[in-house]
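Shown here: input20.cif, mmCIF, C-alpha atoms.
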data_query
loop_
_atom_site.group_PDB
_atom_site.id
_atom_site.type_symbol
_atom_site.label_atom_id
_atom_site.label_comp_id
_atom_site.auth_asym_id
_atom_site.auth_seq_id
_atom_site.Cartn_x
_atom_site.Cartn_y
_atom_site.Cartn_z
ATOM 1 C CA MET J 1 77.292 71.240 158.215
ATOM 2 C CA LEU J 2 74.658 69.529 160.338
ATOM 3 C CA VAL J 3 71.949 67.686 158.391
ATOM 4 C CA GLY J 4 68.871 66.215 160.028
ATOM 5 C CA ALA J 5 65.314 66.813 161.152
ATOM 6 C CA ASP J 6 65.844 66.789 164.947
ATOM 7 C CA VAL J 7 66.138 70.538 165.501
ATOM 8 C CA ALA J 8 66.715 70.306 169.260
ATOM 9 C CA LEU J 9 69.582 67.834 168.857
ATOM 10 C CA LEU J 10 71.217 69.814 166.060
ATOM 11 C CA GLU J 11 70.856 73.092 167.980
ATOM 12 C CA GLY J 12 72.614 71.563 170.978
ATOM 13 C CA LEU J 13 75.402 70.192 168.798
ATOM 14 C CA ALA J 14 75.751 73.536 167.029
ATOM 15 C CA GLN J 15 76.096 75.412 170.313
ATOM 16 C CA THR J 16 78.810 73.016 171.431
ATOM 17 C CA LEU J 17 80.693 73.231 168.130
ATOM 18 C CA VAL J 18 80.432 77.036 167.960
ATOM 19 C CA GLY J 19 81.711 77.178 171.536
ATOM 20 C CA PHE J 20 84.859 75.405 170.337
ATOM 21 C CA GLY J 21 85.325 77.839 167.444
ATOM 22 C CA HIS J 22 83.770 75.911 164.556
ATOM 23 C CA ASP J 23 81.454 77.425 161.957
ATOM 24 C CA VAL J 24 78.155 75.575 161.701
ATOM 25 C CA SER J 25 75.369 75.552 159.133
ATOM 26 C CA PHE J 26 72.110 73.589 159.124
ATOM 27 C CA ALA J 27 69.955 71.708 156.647
ATOM 28 C CA ALA J 28 66.953 69.483 157.275
ATOM 29 C CA THR J 29 67.630 67.231 154.263
ATOM 30 C CA VAL J 30 70.543 66.332 152.010
ATOM 31 C CA ALA J 31 68.731 68.027 149.106
ATOM 32 C CA GLU J 32 68.423 71.224 151.128
ATOM 33 C CA ALA J 33 72.125 71.043 152.009
ATOM 34 C CA ALA J 34 73.073 70.609 148.363
ATOM 35 C CA GLY J 35 70.805 73.438 147.260
ATOM 36 C CA SER J 36 71.714 75.982 149.924
ATOM 37 C CA LEU J 37 75.475 75.913 149.451
ATOM 38 C CA ARG J 38 77.115 77.833 146.672
ATOM 39 C CA GLU J 39 80.870 78.385 147.011
ATOM 40 C CA ASP J 40 81.444 77.926 150.737
ATOM 41 C CA LEU J 41 81.415 74.134 150.915
ATOM 42 C CA PRO J 42 81.765 72.434 154.308
ATOM 43 C CA ALA J 43 84.748 70.222 155.032
ATOM 44 C CA LEU J 44 82.758 68.020 157.383
ATOM 45 C CA ALA J 45 79.096 67.020 157.305
ATOM 46 C CA VAL J 46 77.257 65.425 160.231
ATOM 47 C CA VAL J 47 74.285 63.684 158.609
ATOM 48 C CA SER J 48 71.420 61.714 160.129
ATOM 49 C CA CYS J 49 70.690 58.188 158.927
ATOM 50 C CA ALA J 50 67.126 59.282 158.156
ATOM 51 C CA ALA J 51 68.339 62.116 155.913
ATOM 52 C CA LEU J 52 70.612 59.721 154.001
ATOM 53 C CA GLN J 53 67.833 57.176 153.523
ATOM 54 C CA GLU J 54 65.413 59.890 152.440
ATOM 55 C CA ALA J 55 67.915 61.275 149.919
ATOM 56 C CA GLY J 56 68.217 57.950 148.151
ATOM 57 C CA ILE J 57 70.699 56.925 145.524
ATOM 58 C CA GLY J 58 71.804 59.644 143.127
ATOM 59 C CA MET J 59 71.687 62.635 145.498
ATOM 60 C CA THR J 60 74.946 64.499 146.067
ATOM 61 C CA LEU J 61 76.353 65.954 149.268
ATOM 62 C CA PRO J 62 78.637 68.942 148.689
ATOM 63 C CA LEU J 63 81.943 68.858 150.577
ATOM 64 C CA THR J 64 85.370 70.399 150.069
ATOM 65 C CA PRO J 65 88.040 68.232 148.443
ATOM 66 C CA GLY J 66 89.281 65.954 151.216
ATOM 67 C CA GLY J 67 86.040 66.482 153.152
ATOM 68 C CA ALA J 68 84.395 63.826 155.283
ATOM 69 C CA MET J 69 81.070 62.783 156.731
ATOM 70 C CA ILE J 70 79.904 61.567 160.134
ATOM 71 C CA VAL J 71 76.663 59.579 160.110
ATOM 72 C CA TYR J 72 74.475 59.573 163.197
ATOM 73 C CA GLY J 73 71.377 57.805 164.401
ATOM 74 C CA THR J 74 69.412 57.328 167.591
ATOM 75 C CA SER J 75 70.553 53.740 168.161
ATOM 76 C CA HIS J 76 73.321 51.389 167.072
ATOM 77 C CA ASP J 77 70.826 49.731 164.729
ATOM 78 C CA ASP J 78 70.585 52.944 162.649
ATOM 79 C CA GLN J 79 73.282 52.265 160.067
ATOM 80 C CA PRO J 80 72.095 52.818 156.516
ATOM 81 C CA PHE J 81 73.595 51.139 153.486
ATOM 82 C CA LEU J 82 76.163 53.505 152.000
ATOM 83 C CA PRO J 83 77.721 53.333 148.542
ATOM 84 C CA THR J 84 81.485 52.699 148.520
ATOM 85 C CA LYS J 85 82.433 56.346 147.914
ATOM 86 C CA LEU J 86 80.407 57.428 150.961
ATOM 87 C CA GLN J 87 81.830 54.610 153.074
ATOM 88 C CA ARG J 88 85.353 55.856 152.329
ATOM 89 C CA ALA J 89 84.382 59.428 153.249
ATOM 90 C CA THR J 90 82.631 58.422 156.483
ATOM 91 C CA LEU J 91 84.684 58.948 159.631
ATOM 92 C CA ALA J 92 82.242 57.308 162.033
ATOM 93 C CA HIS J 93 78.724 56.135 162.797
ATOM 94 C CA LEU J 94 77.603 57.728 166.063
ATOM 95 C CA VAL J 95 74.610 57.456 168.360
ATOM 96 C CA LEU J 96 73.629 61.006 169.262
ATOM 97 C CA PRO J 97 73.210 62.625 171.720
ATOM 98 C CA LEU J 98 74.932 59.826 173.690
ATOM 99 C CA GLU J 99 78.226 60.113 171.794
ATOM 100 C CA ARG J 100 78.369 63.920 171.498
ATOM 101 C CA HIS J 101 81.797 64.001 173.192
ATOM 102 C CA ARG J 102 83.103 61.553 170.603
ATOM 103 C CA LEU J 103 81.624 63.784 167.885
ATOM 104 C CA LEU J 104 83.467 66.800 169.265
ATOM 105 C CA ALA J 105 86.723 64.818 169.445
ATOM 106 C CA LEU J 106 86.299 63.678 165.821
ATOM 107 C CA VAL J 107 85.560 67.214 164.618
ATOM 108 C CA GLN J 108 88.587 68.623 166.427
ATOM 109 C CA SER J 109 90.834 65.825 165.155
ATOM 110 C CA PHE J 110 89.591 66.318 161.593
ATOM 111 C CA ASP J 111 90.156 70.079 161.865
ATOM 112 C CA SER J 112 93.671 69.591 163.239
ATOM 113 C CA ARG J 113 94.600 67.112 160.499
ATOM 114 C CA SER J 114 93.135 69.389 157.828
ATOM 115 C CA ARG J 115 95.313 72.250 159.028
ATOM 116 C CA THR J 116 98.406 70.029 159.263
ATOM 117 C CA THR J 117 98.017 68.633 155.756
ATOM 118 C CA GLY J 118 97.018 71.974 154.236
ATOM 119 C CA ARG J 119 93.526 70.856 153.312
ATOM 120 C CA SER J 120 91.951 73.630 155.366
ATOM 121 C CA THR J 121 92.790 76.125 152.619
ATOM 122 C CA ARG J 122 89.992 76.564 150.109
ATOM 123 C CA GLU J 123 90.493 75.067 146.678
ATOM 124 C CA GLU J 124 88.304 75.305 143.640
ATOM 125 C CA PRO J 125 85.825 72.452 143.983
ATOM 126 C CA GLY J 126 85.909 69.973 141.131
ATOM 127 C CA ASP J 127 83.478 67.293 140.103
ATOM 128 C CA ASP J 128 84.909 65.017 142.792
ATOM 129 C CA SER J 129 83.896 67.385 145.622
ATOM 130 C CA ARG J 130 80.313 66.110 145.681
ATOM 131 C CA LEU J 131 79.716 62.793 147.334
ATOM 132 C CA GLN J 132 77.307 60.672 145.331
ATOM 133 C CA LEU J 133 74.619 59.010 147.449
#

Please render this file's structure as structure tokens.
Amino acid sequence: MLVGADVALLEGLAQTLVGFGHDVSFAATVAEAAGSLREDLPALAVVSCAALQEAGIGMTLPLTPGGAMIVYGTSHDDQPFLPTKLQRATLAHLVLPLERHRLLALVQSFDSRSRTTGRSTREEPGDDSRLQL
């Protein structure tokens, strides 16, 4: 799942990820991401700093059990305050589009580890599958 308002950036990232065999969905805000997903929760969310700050405390981000998040901004100064649960679920803070190759490497590594550990199989999401912002 790609979450952010920069449509051109997200479209470019989506094309790259789809080219490597990943399924991609979009949302402009965290609230839209939470509202648009029903049963097919993403394992990995790439979320803009602006979308996290706009969501505020108390918003949830739906992910599969064992899912993770990558936070991105336009500069190294874009690093929002994250609650502890989100910090633990965050793989990296990236500057996009500059670090798009690092993003692809992280996504592929996460996918490989998910398959190795068996977390790529769908489980029934519990209350713990939504990250609290």

Expected axis-aligned box over every listed atom of stretch 51-56 of chain J, 5 Å added per side, centre plus edges in Å to one decimal, as AutoDock Vina command-line options:
--center_x 68.0 --center_y 59.6 --center_z 152.0 --size_x 15.2 --size_y 14.9 --size_z 17.8

For the file shown, report as a ChimeraX atom specification the outcome of the PyMOL selection byres ((chain J and resi 95-110) around 7) at residue level. /J:9,72-76,94,111-114

Report, in Å to a single decimal, how far apart atom CA of J:Leu44 and atom CA of J:Val71 are.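 Separation of atom CA of J:Val71 and atom CA of J:Leu44: 10.8 Å.
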
Exercise: J:Ala89 partners within 7 Å, only C-alpha atoms, chain neighbours under 4 positions left out, as a VMD selection string: chain J and resid 68 to 69 85

Tell me which of J:Gln15, J:Gln53, J:Thr60, J:Ser48 sits closest to J:Ala31, counting only C-alpha atoms.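 Among the listed residues, J:Thr60 lies closest to J:Ala31.
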
Between J:Gly4, J:Pro62, J:Gly19, J:Gly67, which one has atoms that come closest to J:Leu37, using all atoms listed in the file? J:Pro62

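Taking only C-alpha atoms into account, J:Gly35 lies nearest to J:Leu61 out of the set J:Gly21, J:Leu61, J:Ala55, J:Gln87.
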
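Each of J:Ala45, J:Ala14, J:Arg88, J:Leu2 was checked against J:Phe26 using only C-alpha atoms; the smallest atom-to-atom distance is that of J:Leu2.
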
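Using only C-alpha atoms for every distance, the candidate list J:Ile70, J:Ala92, J:Ala51, J:Leu13 yields J:Ala51 as the residue closest to J:Ala27.
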
Which value, in Å to one decimal, gives the distance between atom CA of J:Val24 and atom CA of J:Asp78?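 According to the coordinates, atom CA of J:Val24 and atom CA of J:Asp78 are separated by 23.9 Å.
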
Scan for residues within 8 Å of the point (75.7, 52.9, 156.2) in the coordinates of the file, using all atoms listed in the file, and reply as a PyMOL selection string. chain J and resi 49+71+79-83+87+93

Find the residue from J:Ala43, J:Leu17, J:Leu91, J:Ala5 that sits nearest to J:Leu63; use only C-alpha atoms when measuring.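 Selected residue with least distance to J:Leu63: J:Ala43.
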
Can you sort out stretch 65-84 of chain J so it carries N, CA, C and O atoms, written as a PDB file, keeping the file's coordinate frame?
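Writing done, so here's part24.pdb:
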ATOM      1  N   PRO J  65      87.143  69.353 148.750  1.00  0.00           N
ATOM      2  CA  PRO J  65      88.040  68.232 148.443  1.00  0.00           C
ATOM      3  C   PRO J  65      88.719  67.769 149.733  1.00  0.00           C
ATOM      4  O   PRO J  65      89.201  68.576 150.516  1.00  0.00           O
ATOM      5  N   GLY J  66      88.727  66.487 149.980  1.00  0.00           N
ATOM      6  CA  GLY J  66      89.281  65.954 151.216  1.00  0.00           C
ATOM      7  C   GLY J  66      88.307  66.019 152.374  1.00  0.00           C
ATOM      8  O   GLY J  66      88.672  65.726 153.506  1.00  0.00           O
ATOM      9  N   GLY J  67      87.059  66.389 152.109  1.00  0.00           N
ATOM     10  CA  GLY J  67      86.040  66.482 153.152  1.00  0.00           C
ATOM     11  C   GLY J  67      85.605  65.109 153.627  1.00  0.00           C
ATOM     12  O   GLY J  67      85.959  64.085 153.041  1.00  0.00           O
ATOM     13  N   ALA J  68      84.843  65.097 154.703  1.00  0.00           N
ATOM     14  CA  ALA J  68      84.395  63.826 155.283  1.00  0.00           C
ATOM     15  C   ALA J  68      82.992  63.972 155.844  1.00  0.00           C
ATOM     16  O   ALA J  68      82.460  65.073 155.945  1.00  0.00           O
ATOM     17  N   MET J  69      82.426  62.826 156.224  1.00  0.00           N
ATOM     18  CA  MET J  69      81.070  62.783 156.731  1.00  0.00           C
ATOM     19  C   MET J  69      81.034  61.932 157.999  1.00  0.00           C
ATOM     20  O   MET J  69      81.752  60.938 158.115  1.00  0.00           O
ATOM     21  N   ILE J  70      80.199  62.351 158.943  1.00  0.00           N
ATOM     22  CA  ILE J  70      79.904  61.567 160.134  1.00  0.00           C
ATOM     23  C   ILE J  70      78.416  61.273 160.076  1.00  0.00           C
ATOM     24  O   ILE J  70      77.603  62.176 159.916  1.00  0.00           O
ATOM     25  N   VAL J  71      78.061  60.003 160.167  1.00  0.00           N
ATOM     26  CA  VAL J  71      76.663  59.579 160.110  1.00  0.00           C
ATOM     27  C   VAL J  71      76.193  59.319 161.534  1.00  0.00           C
ATOM     28  O   VAL J  71      76.914  58.713 162.322  1.00  0.00           O
ATOM     29  N   TYR J  72      74.996  59.814 161.852  1.00  0.00           N
ATOM     30  CA  TYR J  72      74.475  59.573 163.197  1.00  0.00           C
ATOM     31  C   TYR J  72      73.053  59.045 163.152  1.00  0.00           C
ATOM     32  O   TYR J  72      72.319  59.264 162.205  1.00  0.00           O
ATOM     33  N   GLY J  73      72.724  58.325 164.222  1.00  0.00           N
ATOM     34  CA  GLY J  73      71.377  57.805 164.401  1.00  0.00           C
ATOM     35  C   GLY J  73      71.021  57.861 165.865  1.00  0.00           C
ATOM     36  O   GLY J  73      71.792  58.362 166.685  1.00  0.00           O
ATOM     37  N   THR J  74      69.859  57.312 166.202  1.00  0.00           N
ATOM     38  CA  THR J  74      69.412  57.328 167.591  1.00  0.00           C
ATOM     39  C   THR J  74      69.710  56.016 168.307  1.00  0.00           C
ATOM     40  O   THR J  74      69.531  55.925 169.513  1.00  0.00           O
ATOM     41  N   SER J  75      70.155  55.008 167.556  1.00  0.00           N
ATOM     42  CA  SER J  75      70.553  53.740 168.161  1.00  0.00           C
ATOM     43  C   SER J  75      71.639  53.106 167.298  1.00  0.00           C
ATOM     44  O   SER J  75      71.893  53.540 166.178  1.00  0.00           O
ATOM     45  N   HIS J  76      72.266  52.068 167.832  1.00  0.00           N
ATOM     46  CA  HIS J  76      73.321  51.389 167.072  1.00  0.00           C
ATOM     47  C   HIS J  76      72.757  50.627 165.873  1.00  0.00           C
ATOM     48  O   HIS J  76      73.499  50.227 164.984  1.00  0.00           O
ATOM     49  N   ASP J  77      71.458  50.411 165.855  1.00  0.00           N
ATOM     50  CA  ASP J  77      70.826  49.731 164.729  1.00  0.00           C
ATOM     51  C   ASP J  77      70.645  50.644 163.526  1.00  0.00           C
ATOM     52  O   ASP J  77      70.399  50.170 162.424  1.00  0.00           O
ATOM     53  N   ASP J  78      70.742  51.963 163.736  1.00  0.00           N
ATOM     54  CA  ASP J  78      70.585  52.944 162.649  1.00  0.00           C
ATOM     55  C   ASP J  78      71.890  53.066 161.871  1.00  0.00           C
ATOM     56  O   ASP J  78      72.697  53.947 162.128  1.00  0.00           O
ATOM     57  N   GLN J  79      72.111  52.180 160.935  1.00  0.00           N
ATOM     58  CA  GLN J  79      73.282  52.265 160.067  1.00  0.00           C
ATOM     59  C   GLN J  79      72.822  51.971 158.652  1.00  0.00           C
ATOM     60  O   GLN J  79      72.667  50.813 158.278  1.00  0.00           O
ATOM     61  N   PRO J  80      72.605  53.024 157.867  1.00  0.00           N
ATOM     62  CA  PRO J  80      72.095  52.818 156.516  1.00  0.00           C
ATOM     63  C   PRO J  80      73.153  52.213 155.601  1.00  0.00           C
ATOM     64  O   PRO J  80      74.352  52.300 155.861  1.00  0.00           O
ATOM     65  N   PHE J  81      72.678  51.605 154.526  1.00  0.00           N
ATOM     66  CA  PHE J  81      73.595  51.139 153.486  1.00  0.00           C
ATOM     67  C   PHE J  81      74.182  52.355 152.803  1.00  0.00           C
ATOM     68  O   PHE J  81      73.460  53.273 152.428  1.00  0.00           O
ATOM     69  N   LEU J  82      75.492  52.388 152.663  1.00  0.00           N
ATOM     70  CA  LEU J  82      76.163  53.505 152.000  1.00  0.00           C
ATOM     71  C   LEU J  82      76.951  52.993 150.808  1.00  0.00           C
ATOM     72  O   LEU J  82      77.654  51.989 150.913  1.00  0.00           O
ATOM     73  N   PRO J  83      76.878  53.694 149.675  1.00  0.00           N
ATOM     74  CA  PRO J  83      77.721  53.333 148.542  1.00  0.00           C
ATOM     75  C   PRO J  83      79.203  53.445 148.933  1.00  0.00           C
ATOM     76  O   PRO J  83      79.551  54.154 149.876  1.00  0.00           O
ATOM     77  N   THR J  84      80.060  52.775 148.191  1.00  0.00           N
ATOM     78  CA  THR J  84      81.485  52.699 148.520  1.00  0.00           C
ATOM     79  C   THR J  84      82.124  54.068 148.694  1.00  0.00           C
ATOM     80  O   THR J  84      82.886  54.288 149.630  1.00  0.00           O
TER      81      THR J  84
END
